[in-house]
Structure formats: structure tokens, C-alpha cells
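The block underneath contains the structure these notes are about, expressed in C-alpha cells.
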Amino acid sequence: MSVISSALSLLGWDQQTHMPPRGIVARSQVSGRLTKNMFELSVAPELGEYLEALEGDRSLSIEEQASVRDLGKQYRRRKAIPSELIEEVAVARSQAQAAWAQAREKSDFSIFQPLLTKMVDYARRFADYFGYEEHPYDGLLEDYEPGLTVAKLKTINEPLREQLVPFMKRLATEGTAPDTTPIEGSFDIDTQRRMARRALEIVGYDFESGTLDDVPHPFTTTIGFNDVRVTNRYLENHLTSGLYGGLHEGGHALYNQGMPESLYHLLLNGGASNGIHESQSRMVENQLGRSLPFWKYFQPILAGFFPQFSDVTPEALYRAVNVVEPSFIRVEADEVSYNLHIMLRAELEAGLIAGEIQVADLPRRWNEAMEQYLGITPPNDALGVLQDVHWSMGYFGYFPSYMLGNLYASQMAVKIRQDLPDLDERIASGDILVLIDWMRMNVHQFGGIYQPDELMNKITGASLDSAHFVRYVQEKYSDIYGLS
Ligand code: MG
């Protein structure tokens, strides 16, 4: 399974980067065949027998026990779904994706509505097959963030919302927004590409074990041990898009480059969870990349690529890259408003899966929540309910991982500062690797051995507490916006 998964990753990476357009027909046949092989292995009766014999065997190493735990869970969840349904969903998914793309282009929800209704219905059936204790959405969350439930999400979301919504308002009404003119202008794409490469080197991304390629929608993919590839995109009029996109994907890649080879053979190279994976990208992109110490080090490097920055201070750059503004589009959201975009989606998803919200009501419910959380109403559905691809793919339960990544990263950052009291000075002087080494020691090397809650307790001595994130954004942005 590890070998087939590696081959599939390589085919997928090639398809998005270098494959000629007409290669898609042959490629789909190969990928489809390997996906089928992979699925058959994951539900093979022999595997079921091995797992039964090995589950609970304490003489196995801690890595082996974790592998048995994950494979066993996957085996049972896949076995629970009737095989006819799997094929049926695959067909509906490609139709739903096509309908979604068309609906978004025309900003017409009615084109997507019938297929979305179908996808929601499948998700509800999946939740029933998987099983859950309290809420059907729990059955789906388990795929992305083991142990996460609607009840837990509520305890995370409510205090967050109570703090963030009024804080956003205070920034807008009482604060002074930073001047963004220092980073405005037109920037040569090839120079940006070289700068992103340099930024990746600075954070310790190993180009002997990875590559950097251009794509329209950046991602990171792990082909295997010592082969973890990053992709990025550059916009001529938006310098920070390529820089922070690169640092974000670099953070994901460092996680995989920091795992030992043994974890790859045990299929533990996916990390502790999607949320923990995202925390590693956010650590590099935001906790590091959007900090003042980083800009103290990086300003002269930036000026080496773009000489117009020679006279711009690190403080001015730091302020310019930290603007908070309610926006319609999640992927463009700042650190403060980002989690509100996720809460909105998670609440709608839970309602859809429980049957409390009807698909036909989604555009209205979406816009109401935007008004309530961010004080803005999308002018059309393309900028609202139709913006994300996830639902057309049947990914219900995915969104919370993005938010958890921000929260986990803030909580880890508190511990990092306890362990490394001189962190800011060291980063400002160019010792970025002191942070990356901490991440490698505490997070990367363990891959998927621990469940996310176990890992957080092991690292920070406590389960996830969103208060750390609230404190982080309040302190940082009160200072930038001049709030007392
Ligand atoms: Mg990410």
C-alpha cells in the first residue's frame, strides 16, 4: 500500500505540474487502476485477519501499534460502506464538481443545488455507516481530525467567536490600519520565484529531497521518504502571495521531510491529523513569516531581490503584511478573520448533516452568517456559498482542520517561547533553524504515531485551548493597530 500510494502521489503531482493536457486520458486510466488496487488492499480479508491478530498486542513497537490502530480504523470504515455506493458516489462527485465549477462561474447556485443535495445525502448515509455517538457530523469529522466532535467544536468555537467578532469590530472602528503602500507595485515573476526558493532554503526546506514548481492552486505532496515536493504560484501585483504561499507549503513539507523512513513503511507519514499538519504550515507562514523578528532578518534579503525595498524598514514591512479586513473569500482572509470563515462553514455542515439545514437555504444562511460574523454580505454566490470546492468533492468535515491548524500553532508557540526565551533575537539574527529544530524534535519526527490530542498533551501538557490563539491575535494586532 505504501508503494502504490507513492506511485499515485507521483502521478498526481505530475498531472498538476508537467503533464501535457492531452495526457489526461491515459493518466486517468493508470490512476484509476492504482486507486482501485489500493482500495482492494485496504479492505482485503487477509488484512482484516492480520489486524485482528495484532490489535491490542502490546509487544509491538509504539510505531507498529499506531500503524495497526490507523489501518484498523480505515479498514472498518471502508468495510462499512457498500461497494455499489462507492462507485455511485464517485460518479456523482465528478458531476458535482463540473456543476460546481459552472455554478461558480455563472454565480448561479441553482446549477449546483441538485448535485449538492445528492452529495449531502451521501455524506449523511456515510455518517450512518461509519457510526457516531452523539452527532452524525462526528462520524465524518473523524476522517480529518481523529477525536473531534460537534460537542468539542462548540467548546472551541463559542469562546473564539465571543472574542474575535467584537475584536474585529474594534480594529475597524478604533484602530489605525497599517500602511500597505510599501508592498504595493509590480514585481517580476521570475525574481519572485527565486525569492520564494530562497525563503524555503532559509526555513530549512531540503532541495535535495524536494522540488519547487509552479501551479495555479499550490499544494505540497509527499512522494516518499526524502521526496517531498512543494508547488507555488506568483502574482505580479501581489508580492506577498508568492512569499507566504511558499512559506505555507514549506511548513507542510518540513513536517514530511522531518519524518524518519520507518514511518513511511508503516503508513504513518500523513502526520497526526490534518489539523496538526496545517499547524506546521501556519507556524512557518504566520507565527514566523508574519512576525517582526522575521522581517528584521528578511528585509535585506528581500531588498537583494527587489532593490526598491532597501529603504523600507522591517517595521514598515511587518505592519504592511498584517492588515486585518473582513473579506468574502476564505483563502484571502487574514489571521484574525480566518477562523470566523471556518466556523461559519462548520456550523452549516453540521446542520446539513443533521438534516436541520436544507441545501436550498444555504445561500441565505451563508449570507446571514457572514453578516453576523464579519459584518459584510456577499454581493453574489460566487463570492459566497460557491467559493470552495470541498462540498462538490464530498469533503464534509474537512474545514475545521484549517482552523485547528491556527489554534494548535498558537498553543505550540507559547511552549516554544518557554523553551527558547531568546527566540525573537535568534530569529532576527537569522537563526531560523532554532525554531524548525524545535518543530522537528517535538512534532515532525513522530509523524502519525500519536493522535492529535495525545500529541498536544505530550508537547504542551494540555489539550487544545483556543485562548492561546485569542491572546496571540489580540496582543499582536492591538499593537499593530494602536489599540490600548
Ligand atoms: Mg495548508
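Letters A, B, ... mark the chains of the C-alpha cells in the order given; residue numbers begin at 1 per chain; ligand numbers begin at 1, in order shown.
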
May I ask you to write as a ChimeraX atom specification all residues lying at most 9 Å from ligand 1, with only C-alpha atoms and all ligand atoms counted?
/A:219-220,248-249,251-252,274,277-282,402,405

Write a file of the just-selected residues containing all heavy atoms, as a compact mmCIF listing (two decimals), in the first residue's frame.
# COMPACT_ATOMS: atom_id res chain seq x y z
N PHE A 219 0.02 23.37 -3.56
CA PHE A 219 -0.12 22.23 -2.65
C PHE A 219 1.27 21.64 -2.40
O PHE A 219 2.25 22.01 -3.07
CB PHE A 219 -1.03 21.15 -3.28
CG PHE A 219 -0.48 20.56 -4.55
CD1 PHE A 219 0.31 19.42 -4.55
CD2 PHE A 219 -0.72 21.17 -5.78
CE1 PHE A 219 0.83 18.89 -5.73
CE2 PHE A 219 -0.21 20.65 -6.96
CZ PHE A 219 0.58 19.51 -6.93
N THR A 220 1.32 20.75 -1.42
CA THR A 220 2.54 20.01 -1.13
C THR A 220 2.20 18.54 -1.24
O THR A 220 1.13 18.12 -0.82
CB THR A 220 3.02 20.31 0.31
OG1 THR A 220 3.31 21.70 0.40
CG2 THR A 220 4.27 19.52 0.66
N HIS A 248 3.96 28.78 3.52
CA HIS A 248 2.90 27.88 3.99
C HIS A 248 3.17 26.44 3.52
O HIS A 248 3.21 25.52 4.33
CB HIS A 248 1.53 28.36 3.47
CG HIS A 248 0.39 27.49 3.89
ND1 HIS A 248 -0.38 27.77 5.00
CD2 HIS A 248 -0.10 26.34 3.38
CE1 HIS A 248 -1.30 26.83 5.15
NE2 HIS A 248 -1.16 25.94 4.17
N GLU A 249 3.37 26.29 2.22
CA GLU A 249 3.61 24.94 1.69
C GLU A 249 4.93 24.39 2.24
O GLU A 249 5.04 23.19 2.51
CB GLU A 249 3.60 24.95 0.16
CG GLU A 249 2.27 25.36 -0.48
CD GLU A 249 1.05 24.60 0.05
OE1 GLU A 249 1.20 23.41 0.40
OE2 GLU A 249 -0.04 25.20 0.11
N GLY A 251 6.09 24.86 5.17
CA GLY A 251 5.80 24.35 6.52
C GLY A 251 5.22 22.95 6.47
O GLY A 251 5.60 22.08 7.26
N HIS A 252 4.31 22.72 5.52
CA HIS A 252 3.78 21.36 5.34
C HIS A 252 4.92 20.40 4.98
O HIS A 252 5.01 19.29 5.50
CB HIS A 252 2.76 21.34 4.20
CG HIS A 252 1.38 21.81 4.58
ND1 HIS A 252 0.64 21.20 5.57
CD2 HIS A 252 0.61 22.82 4.11
CE1 HIS A 252 -0.56 21.81 5.67
NE2 HIS A 252 -0.59 22.81 4.80
N ASN A 274 -4.97 16.22 9.92
CA ASN A 274 -4.96 17.37 9.00
C ASN A 274 -4.70 18.66 9.77
O ASN A 274 -4.01 19.56 9.30
CB ASN A 274 -6.30 17.50 8.28
CG ASN A 274 -6.43 16.52 7.14
OD1 ASN A 274 -5.69 15.55 7.06
ND2 ASN A 274 -7.36 16.78 6.25
N HIS A 277 -1.11 18.93 10.72
CA HIS A 277 -0.32 19.25 9.52
C HIS A 277 -0.44 20.74 9.21
O HIS A 277 0.54 21.42 8.94
CB HIS A 277 -0.79 18.41 8.32
CG HIS A 277 0.35 17.85 7.52
ND1 HIS A 277 1.27 18.67 6.89
CD2 HIS A 277 0.75 16.58 7.26
CE1 HIS A 277 2.17 17.89 6.29
NE2 HIS A 277 1.89 16.63 6.51
N GLU A 278 -1.66 21.24 9.28
CA GLU A 278 -1.88 22.66 9.00
C GLU A 278 -1.16 23.53 10.04
O GLU A 278 -0.71 24.63 9.72
CB GLU A 278 -3.39 22.96 8.97
CG GLU A 278 -3.77 24.34 8.48
CD GLU A 278 -3.57 24.57 6.98
OE1 GLU A 278 -3.21 23.62 6.26
OE2 GLU A 278 -3.77 25.72 6.54
N SER A 279 -1.04 23.05 11.27
CA SER A 279 -0.35 23.86 12.29
C SER A 279 1.11 24.08 11.90
O SER A 279 1.69 25.13 12.20
CB SER A 279 -0.43 23.19 13.66
OG SER A 279 0.48 22.10 13.77
N GLN A 280 1.71 23.11 11.23
CA GLN A 280 3.11 23.25 10.85
C GLN A 280 3.28 24.25 9.72
O GLN A 280 4.27 24.98 9.64
CB GLN A 280 3.70 21.89 10.48
CG GLN A 280 3.67 20.90 11.64
CD GLN A 280 4.26 21.49 12.91
OE1 GLN A 280 5.47 21.60 13.04
NE2 GLN A 280 3.42 21.91 13.86
N SER A 281 2.26 24.32 8.83
CA SER A 281 2.33 25.32 7.75
C SER A 281 2.06 26.71 8.32
O SER A 281 2.72 27.68 7.94
CB SER A 281 1.35 24.98 6.65
OG SER A 281 0.03 24.99 7.11
N ARG A 282 1.13 26.81 9.24
CA ARG A 282 0.82 28.11 9.85
C ARG A 282 1.96 28.62 10.74
O ARG A 282 2.17 29.81 10.86
CB ARG A 282 -0.46 28.01 10.68
CG ARG A 282 -1.71 27.79 9.85
CD ARG A 282 -1.92 28.90 8.84
NE ARG A 282 -3.31 28.99 8.41
CZ ARG A 282 -3.76 29.81 7.48
NH1 ARG A 282 -2.92 30.61 6.84
NH2 ARG A 282 -5.03 29.85 7.17
N TYR A 402 -8.52 23.43 9.10
CA TYR A 402 -7.83 24.68 8.80
C TYR A 402 -7.79 25.57 10.05
O TYR A 402 -6.78 26.20 10.35
CB TYR A 402 -8.54 25.46 7.70
CG TYR A 402 -8.55 24.79 6.34
CD1 TYR A 402 -9.74 24.56 5.68
CD2 TYR A 402 -7.36 24.45 5.70
CE1 TYR A 402 -9.76 24.00 4.41
CE2 TYR A 402 -7.38 23.89 4.44
CZ TYR A 402 -8.58 23.66 3.79
OH TYR A 402 -8.60 23.10 2.54
N GLY A 405 -5.51 24.16 12.79
CA GLY A 405 -4.10 24.42 12.50
C GLY A 405 -3.65 25.73 13.13
O GLY A 405 -2.59 25.81 13.75

Write out as an NGL selection string the set of residues from region 207-282 of chain A that DSSP, computed on the backbone, places in alpha helix (DSSP H).
:A and (239-257 or 261-265 or 274-282)

Hey, could you make a per-residue contact list for region 415-460 of chain A against region 186-208 of chain A with 9 Å as the cut-off, showing the nearest pair of atoms and its distance in Å to one decimal, counting only C-alpha atoms, sorted by chain and number, as JSON lines?
{"residue": "A:Gly430", "atom": "CA", "partner": "A:Ile202", "partner_atom": "CA", "distance": 8.4}
{"residue": "A:Asp431", "atom": "CA", "partner": "A:Ile202", "partner_atom": "CA", "distance": 9.0}
{"residue": "A:Ile432", "atom": "CA", "partner": "A:Val203", "partner_atom": "CA", "distance": 6.2}
{"residue": "A:Leu433", "atom": "CA", "partner": "A:Val203", "partner_atom": "CA", "distance": 6.4}
{"residue": "A:Leu435", "atom": "CA", "partner": "A:Val203", "partner_atom": "CA", "distance": 8.8}
{"residue": "A:Ile436", "atom": "CA", "partner": "A:Val203", "partner_atom": "CA", "distance": 7.0}

Selection: 12 Å around Ile353 (chain A), only C-alpha atoms, excl. self and same-chain fewer than 4 positions, as a JSON list (two decimals) with all heavy atoms, in the first residue's frame:
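Saved to result_30.json:
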[["chain", "number", "residue", "atom", "x", "y", "z"],
["A", 117, "THR", "N", -27.26, 18.59, -3.19],
["A", 117, "THR", "CA", -28.25, 17.85, -2.39],
["A", 117, "THR", "C", -27.88, 16.36, -2.37],
["A", 117, "THR", "O", -27.92, 15.71, -1.33],
["A", 117, "THR", "CB", -29.66, 18.04, -2.98],
["A", 117, "THR", "OG1", -29.91, 19.44, -3.08],
["A", 117, "THR", "CG2", -30.72, 17.37, -2.12],
["A", 118, "LYS", "N", -27.47, 15.86, -3.54],
["A", 118, "LYS", "CA", -27.04, 14.46, -3.65],
["A", 118, "LYS", "C", -25.81, 14.19, -2.76],
["A", 118, "LYS", "O", -25.75, 13.19, -2.05],
["A", 118, "LYS", "CB", -26.67, 14.18, -5.11],
["A", 118, "LYS", "CG", -27.51, 13.11, -5.76],
["A", 118, "LYS", "CD", -27.01, 12.92, -7.19],
["A", 118, "LYS", "CE", -27.63, 11.67, -7.79],
["A", 118, "LYS", "NZ", -27.28, 11.49, -9.19],
["A", 119, "MET", "N", -24.82, 15.09, -2.85],
["A", 119, "MET", "CA", -23.58, 14.89, -2.10],
["A", 119, "MET", "C", -23.84, 14.94, -0.59],
["A", 119, "MET", "O", -23.23, 14.19, 0.18],
["A", 119, "MET", "CB", -22.51, 15.93, -2.48],
["A", 119, "MET", "CG", -22.01, 15.86, -3.92],
["A", 119, "MET", "SD", -21.48, 14.22, -4.48],
["A", 119, "MET", "CE", -19.95, 14.00, -3.57],
["A", 120, "VAL", "N", -24.74, 15.84, -0.17],
["A", 120, "VAL", "CA", -25.09, 15.91, 1.25],
["A", 120, "VAL", "C", -25.77, 14.61, 1.68],
["A", 120, "VAL", "O", -25.47, 14.05, 2.74],
["A", 120, "VAL", "CB", -26.00, 17.13, 1.54],
["A", 120, "VAL", "CG1", -26.57, 17.06, 2.96],
["A", 120, "VAL", "CG2", -25.23, 18.43, 1.35],
["A", 121, "ASP", "N", -26.63, 14.13, 0.81],
["A", 121, "ASP", "CA", -27.34, 12.89, 1.13],
["A", 121, "ASP", "C", -26.36, 11.72, 1.28],
["A", 121, "ASP", "O", -26.46, 10.93, 2.21],
["A", 121, "ASP", "CB", -28.37, 12.61, 0.02],
["A", 121, "ASP", "CG", -29.22, 11.41, 0.35],
["A", 121, "ASP", "OD1", -29.82, 11.41, 1.44],
["A", 121, "ASP", "OD2", -29.27, 10.46, -0.47],
["A", 122, "TYR", "N", -25.38, 11.63, 0.38],
["A", 122, "TYR", "CA", -24.36, 10.58, 0.51],
["A", 122, "TYR", "C", -23.59, 10.74, 1.82],
["A", 122, "TYR", "O", -23.32, 9.77, 2.52],
["A", 122, "TYR", "CB", -23.36, 10.64, -0.66],
["A", 122, "TYR", "CG", -23.91, 10.13, -1.97],
["A", 122, "TYR", "CD1", -23.76, 10.87, -3.14],
["A", 122, "TYR", "CD2", -24.57, 8.90, -2.04],
["A", 122, "TYR", "CE1", -24.26, 10.41, -4.35],
["A", 122, "TYR", "CE2", -25.07, 8.44, -3.26],
["A", 122, "TYR", "CZ", -24.91, 9.18, -4.40],
["A", 122, "TYR", "OH", -25.41, 8.73, -5.60],
["A", 123, "ALA", "N", -23.22, 11.98, 2.13],
["A", 123, "ALA", "CA", -22.45, 12.22, 3.35],
["A", 123, "ALA", "C", -23.24, 11.77, 4.58],
["A", 123, "ALA", "O", -22.69, 11.19, 5.52],
["A", 123, "ALA", "CB", -22.06, 13.69, 3.46],
["A", 124, "ARG", "N", -24.55, 12.03, 4.56],
["A", 124, "ARG", "CA", -25.39, 11.62, 5.69],
["A", 124, "ARG", "C", -25.44, 10.10, 5.79],
["A", 124, "ARG", "O", -25.42, 9.53, 6.88],
["A", 124, "ARG", "CB", -26.80, 12.19, 5.53],
["A", 124, "ARG", "CG", -26.82, 13.71, 5.56],
["A", 124, "ARG", "CD", -28.21, 14.26, 5.45],
["A", 124, "ARG", "NE", -29.00, 13.86, 6.63],
["A", 124, "ARG", "CZ", -30.29, 14.10, 6.77],
["A", 124, "ARG", "NH1", -30.96, 14.74, 5.83],
["A", 124, "ARG", "NH2", -30.92, 13.72, 7.86],
["A", 125, "ARG", "N", -25.49, 9.45, 4.63],
["A", 125, "ARG", "CA", -25.50, 7.98, 4.65],
["A", 125, "ARG", "C", -24.16, 7.44, 5.14],
["A", 125, "ARG", "O", -24.10, 6.49, 5.92],
["A", 125, "ARG", "CB", -25.84, 7.43, 3.26],
["A", 125, "ARG", "CG", -27.33, 7.60, 2.95],
["A", 125, "ARG", "CD", -27.63, 7.48, 1.48],
["A", 125, "ARG", "NE", -27.52, 6.09, 1.01],
["A", 125, "ARG", "CZ", -27.67, 5.76, -0.30],
["A", 125, "ARG", "NH1", -27.90, 6.70, -1.20],
["A", 125, "ARG", "NH2", -27.57, 4.50, -0.66],
["A", 126, "PHE", "N", -23.07, 8.07, 4.70],
["A", 126, "PHE", "CA", -21.74, 7.66, 5.16],
["A", 126, "PHE", "C", -21.65, 7.79, 6.68],
["A", 126, "PHE", "O", -21.14, 6.91, 7.36],
["A", 126, "PHE", "CB", -20.65, 8.52, 4.51],
["A", 126, "PHE", "CG", -20.20, 8.02, 3.16],
["A", 126, "PHE", "CD1", -21.11, 7.80, 2.15],
["A", 126, "PHE", "CD2", -18.86, 7.76, 2.92],
["A", 126, "PHE", "CE1", -20.71, 7.33, 0.90],
["A", 126, "PHE", "CE2", -18.44, 7.28, 1.67],
["A", 126, "PHE", "CZ", -19.36, 7.07, 0.66],
["A", 127, "ALA", "N", -22.14, 8.91, 7.21],
["A", 127, "ALA", "CA", -22.08, 9.13, 8.66],
["A", 127, "ALA", "C", -22.80, 7.99, 9.38],
["A", 127, "ALA", "O", -22.32, 7.49, 10.40],
["A", 127, "ALA", "CB", -22.69, 10.48, 9.02],
["A", 128, "ASP", "N", -23.93, 7.58, 8.83],
["A", 128, "ASP", "CA", -24.68, 6.47, 9.45],
["A", 128, "ASP", "C", -23.90, 5.16, 9.38],
["A", 128, "ASP", "O", -23.86, 4.40, 10.34],
["A", 128, "ASP", "CB", -26.05, 6.29, 8.78],
["A", 128, "ASP", "CG", -27.04, 7.34, 9.25],
["A", 128, "ASP", "OD1", -26.86, 7.88, 10.37],
["A", 128, "ASP", "OD2", -27.99, 7.64, 8.49],
["A", 135, "HIS", "N", -23.54, 13.03, 17.45],
["A", 135, "HIS", "CA", -23.99, 13.83, 16.32],
["A", 135, "HIS", "C", -23.49, 13.18, 15.04],
["A", 135, "HIS", "O", -22.32, 12.79, 14.98],
["A", 135, "HIS", "CB", -23.42, 15.25, 16.47],
["A", 135, "HIS", "CG", -24.07, 16.26, 15.57],
["A", 135, "HIS", "ND1", -23.85, 16.30, 14.23],
["A", 135, "HIS", "CD2", -24.92, 17.28, 15.84],
["A", 135, "HIS", "CE1", -24.55, 17.30, 13.69],
["A", 135, "HIS", "NE2", -25.22, 17.91, 14.66],
["A", 136, "PRO", "N", -24.34, 13.08, 14.00],
["A", 136, "PRO", "CA", -23.88, 12.41, 12.77],
["A", 136, "PRO", "C", -22.62, 13.04, 12.17],
["A", 136, "PRO", "O", -21.79, 12.35, 11.57],
["A", 136, "PRO", "CB", -25.07, 12.54, 11.82],
["A", 136, "PRO", "CG", -26.02, 13.50, 12.44],
["A", 136, "PRO", "CD", -25.75, 13.51, 13.90],
["A", 137, "TYR", "N", -22.44, 14.36, 12.33],
["A", 137, "TYR", "CA", -21.26, 15.04, 11.79],
["A", 137, "TYR", "C", -19.97, 14.49, 12.44],
["A", 137, "TYR", "O", -18.92, 14.49, 11.81],
["A", 137, "TYR", "CB", -21.42, 16.54, 12.05],
["A", 137, "TYR", "CG", -20.42, 17.47, 11.38],
["A", 137, "TYR", "CD1", -20.06, 17.34, 10.05],
["A", 137, "TYR", "CD2", -19.86, 18.53, 12.10],
["A", 137, "TYR", "CE1", -19.17, 18.23, 9.45],
["A", 137, "TYR", "CE2", -18.98, 19.43, 11.51],
["A", 137, "TYR", "CZ", -18.63, 19.27, 10.19],
["A", 137, "TYR", "OH", -17.76, 20.15, 9.61],
["A", 138, "ASP", "N", -20.09, 13.99, 13.68],
["A", 138, "ASP", "CA", -18.93, 13.40, 14.36],
["A", 138, "ASP", "C", -18.35, 12.26, 13.54],
["A", 138, "ASP", "O", -17.13, 12.08, 13.47],
["A", 138, "ASP", "CB", -19.32, 12.84, 15.74],
["A", 138, "ASP", "CG", -19.81, 13.91, 16.70],
["A", 138, "ASP", "OD1", -19.69, 15.11, 16.37],
["A", 138, "ASP", "OD2", -20.34, 13.54, 17.77],
["A", 139, "GLY", "N", -19.24, 11.49, 12.91],
["A", 139, "GLY", "CA", -18.81, 10.34, 12.12],
["A", 139, "GLY", "C", -17.95, 10.75, 10.94],
["A", 139, "GLY", "O", -17.10, 9.99, 10.49],
["A", 140, "LEU", "N", -18.16, 11.97, 10.44],
["A", 140, "LEU", "CA", -17.38, 12.46, 9.30],
["A", 140, "LEU", "C", -16.11, 13.18, 9.74],
["A", 140, "LEU", "O", -15.07, 13.06, 9.11],
["A", 140, "LEU", "CB", -18.24, 13.41, 8.45],
["A", 140, "LEU", "CG", -19.55, 12.82, 7.92],
["A", 140, "LEU", "CD1", -20.35, 13.88, 7.17],
["A", 140, "LEU", "CD2", -19.29, 11.62, 7.02],
["A", 141, "LEU", "N", -16.19, 13.93, 10.84],
["A", 141, "LEU", "CA", -15.03, 14.66, 11.35],
["A", 141, "LEU", "C", -13.86, 13.71, 11.61],
["A", 141, "LEU", "O", -12.70, 14.07, 11.43],
["A", 141, "LEU", "CB", -15.38, 15.39, 12.65],
["A", 141, "LEU", "CG", -16.26, 16.63, 12.52],
["A", 141, "LEU", "CD1", -16.74, 17.09, 13.90],
["A", 141, "LEU", "CD2", -15.51, 17.76, 11.82],
["A", 150, "VAL", "N", -18.76, 17.40, 17.36],
["A", 150, "VAL", "CA", -19.53, 18.65, 17.35],
["A", 150, "VAL", "C", -19.49, 19.29, 18.75],
["A", 150, "VAL", "O", -19.32, 20.50, 18.89],
["A", 150, "VAL", "CB", -20.98, 18.39, 16.91],
["A", 150, "VAL", "CG1", -21.86, 19.61, 17.14],
["A", 150, "VAL", "CG2", -21.01, 17.99, 15.44],
["A", 346, "ALA", "N", -18.34, 25.20, 9.28],
["A", 346, "ALA", "CA", -18.53, 24.03, 10.14],
["A", 346, "ALA", "C", -19.96, 23.98, 10.68],
["A", 346, "ALA", "O", -20.57, 22.91, 10.76],
["A", 346, "ALA", "CB", -17.52, 24.04, 11.29],
["A", 347, "GLU", "N", -20.49, 25.14, 11.03],
["A", 347, "GLU", "CA", -21.86, 25.16, 11.55],
["A", 347, "GLU", "C", -22.87, 24.80, 10.48],
["A", 347, "GLU", "O", -23.82, 24.05, 10.74],
["A", 347, "GLU", "CB", -22.17, 26.54, 12.15],
["A", 347, "GLU", "CG", -21.49, 26.73, 13.50],
["A", 347, "GLU", "CD", -21.35, 28.19, 13.93],
["A", 347, "GLU", "OE1", -21.86, 29.09, 13.22],
["A", 347, "GLU", "OE2", -20.70, 28.44, 14.97],
["A", 348, "LEU", "N", -22.66, 25.29, 9.27],
["A", 348, "LEU", "CA", -23.56, 24.92, 8.17],
["A", 348, "LEU", "C", -23.46, 23.43, 7.86],
["A", 348, "LEU", "O", -24.47, 22.75, 7.65],
["A", 348, "LEU", "CB", -23.24, 25.74, 6.92],
["A", 348, "LEU", "CG", -23.53, 27.25, 6.99],
["A", 348, "LEU", "CD1", -23.11, 27.93, 5.70],
["A", 348, "LEU", "CD2", -25.01, 27.52, 7.26],
["A", 349, "GLU", "N", -22.24, 22.91, 7.85],
["A", 349, "GLU", "CA", -22.06, 21.48, 7.56],
["A", 349, "GLU", "C", -22.75, 20.61, 8.60],
["A", 349, "GLU", "O", -23.46, 19.66, 8.26],
["A", 349, "GLU", "CB", -20.56, 21.12, 7.55],
["A", 349, "GLU", "CG", -19.83, 21.56, 6.31],
["A", 349, "GLU", "CD", -18.40, 21.00, 6.23],
["A", 349, "GLU", "OE1", -17.88, 20.50, 7.26],
["A", 349, "GLU", "OE2", -17.81, 21.07, 5.14],
["A", 357, "ILE", "N", -30.58, 21.84, 8.34],
["A", 357, "ILE", "CA", -30.49, 22.88, 7.32],
["A", 357, "ILE", "C", -30.71, 22.23, 5.96],
["A", 357, "ILE", "O", -30.14, 21.16, 5.69],
["A", 357, "ILE", "CB", -29.11, 23.58, 7.36],
["A", 357, "ILE", "CG1", -28.93, 24.34, 8.69],
["A", 357, "ILE", "CG2", -28.95, 24.54, 6.18],
["A", 357, "ILE", "CD1", -27.58, 25.01, 8.83],
["A", 358, "GLN", "N", -31.54, 22.84, 5.12],
["A", 358, "GLN", "CA", -31.79, 22.31, 3.78],
["A", 358, "GLN", "C", -30.84, 22.99, 2.79],
["A", 358, "GLN", "O", -30.53, 24.17, 2.94],
["A", 358, "GLN", "CB", -33.25, 22.56, 3.36],
["A", 358, "GLN", "CG", -34.27, 21.95, 4.31],
["A", 358, "GLN", "CD", -34.01, 20.47, 4.59],
["A", 358, "GLN", "OE1", -33.82, 19.69, 3.67],
["A", 358, "GLN", "NE2", -33.97, 20.09, 5.87],
["A", 359, "VAL", "N", -30.42, 22.23, 1.79],
["A", 359, "VAL", "CA", -29.49, 22.76, 0.80],
["A", 359, "VAL", "C", -30.04, 24.04, 0.16],
["A", 359, "VAL", "O", -29.30, 25.01, -0.05],
["A", 359, "VAL", "CB", -29.16, 21.69, -0.27],
["A", 359, "VAL", "CG1", -28.38, 22.30, -1.43],
["A", 359, "VAL", "CG2", -28.36, 20.56, 0.37],
["A", 391, "TRP", "N", -17.26, 20.89, -0.93],
["A", 391, "TRP", "CA", -18.55, 20.19, -0.88],
["A", 391, "TRP", "C", -18.81, 19.42, -2.16],
["A", 391, "TRP", "O", -19.44, 18.36, -2.13],
["A", 391, "TRP", "CB", -19.70, 21.18, -0.58],
["A", 391, "TRP", "CG", -19.62, 21.73, 0.83],
["A", 391, "TRP", "CD1", -18.91, 21.20, 1.87],
["A", 391, "TRP", "CD2", -20.26, 22.91, 1.33],
["A", 391, "TRP", "NE1", -19.08, 21.98, 2.99],
["A", 391, "TRP", "CE2", -19.89, 23.02, 2.69],
["A", 391, "TRP", "CE3", -21.11, 23.87, 0.77],
["A", 391, "TRP", "CZ2", -20.36, 24.07, 3.49],
["A", 391, "TRP", "CZ3", -21.57, 24.90, 1.57],
["A", 391, "TRP", "CH2", -21.19, 25.01, 2.92],
["A", 394, "GLY", "N", -17.42, 16.13, -1.89],
["A", 394, "GLY", "CA", -17.96, 15.31, -0.80],
["A", 394, "GLY", "C", -17.13, 15.41, 0.47],
["A", 394, "GLY", "O", -17.24, 14.57, 1.36],
["A", 395, "TYR", "N", -16.28, 16.43, 0.57],
["A", 395, "TYR", "CA", -15.45, 16.62, 1.77],
["A", 395, "TYR", "C", -16.24, 17.38, 2.84],
["A", 395, "TYR", "O", -16.08, 18.60, 2.97],
["A", 395, "TYR", "CB", -14.18, 17.40, 1.44],
["A", 395, "TYR", "CG", -13.20, 16.69, 0.53],
["A", 395, "TYR", "CD1", -12.15, 17.39, -0.05],
["A", 395, "TYR", "CD2", -13.32, 15.32, 0.25],
["A", 395, "TYR", "CE1", -11.24, 16.76, -0.89],
["A", 395, "TYR", "CE2", -12.41, 14.69, -0.59],
["A", 395, "TYR", "CZ", -11.37, 15.42, -1.16],
["A", 395, "TYR", "OH", -10.47, 14.81, -1.99],
["A", 396, "PHE", "N", -17.05, 16.70, 3.59],
["A", 396, "PHE", "CA", -17.77, 17.32, 4.70],
["A", 396, "PHE", "C", -17.04, 16.95, 5.99],
["A", 396, "PHE", "O", -16.92, 15.77, 6.31],
["A", 396, "PHE", "CB", -19.22, 16.83, 4.74],
["A", 396, "PHE", "CG", -20.02, 17.28, 3.55],
["A", 396, "PHE", "CD1", -20.10, 16.48, 2.42],
["A", 396, "PHE", "CD2", -20.68, 18.50, 3.55],
["A", 396, "PHE", "CE1", -20.82, 16.90, 1.30],
["A", 396, "PHE", "CE2", -21.40, 18.93, 2.44],
["A", 396, "PHE", "CZ", -21.46, 18.12, 1.31],
["A", 397, "GLY", "N", -16.56, 17.95, 6.69],
["A", 397, "GLY", "CA", -15.77, 17.70, 7.90],
["A", 397, "GLY", "C", -14.32, 18.12, 7.75],
["A", 397, "GLY", "O", -13.54, 18.02, 8.69]]

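Counting only C-alpha atoms and comparing A:Ala333, A:Leu160, A:Ala316, A:Ala66, the residue that lies closest to Asn269 (chain A) is A:Ala66.
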
Quick one: residues within 8 Å of Gly258 (chain A), only C-alpha atoms, excluding same-chain residues fewer than 6 positions away - as a ChimeraX atom specification?
/A:440,444-445

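Nearest to Leu292 (chain A) of all the residues A:Leu362, A:Ala177, A:Val165, A:Ala428 is A:Ala428, counting only C-alpha atoms.
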
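Take the candidates A:Pro114, A:Pro166, A:Pro218, A:Gly271 and check each one against Val336 (chain A) using only C-alpha atoms; the shortest distance goes to A:Pro166.
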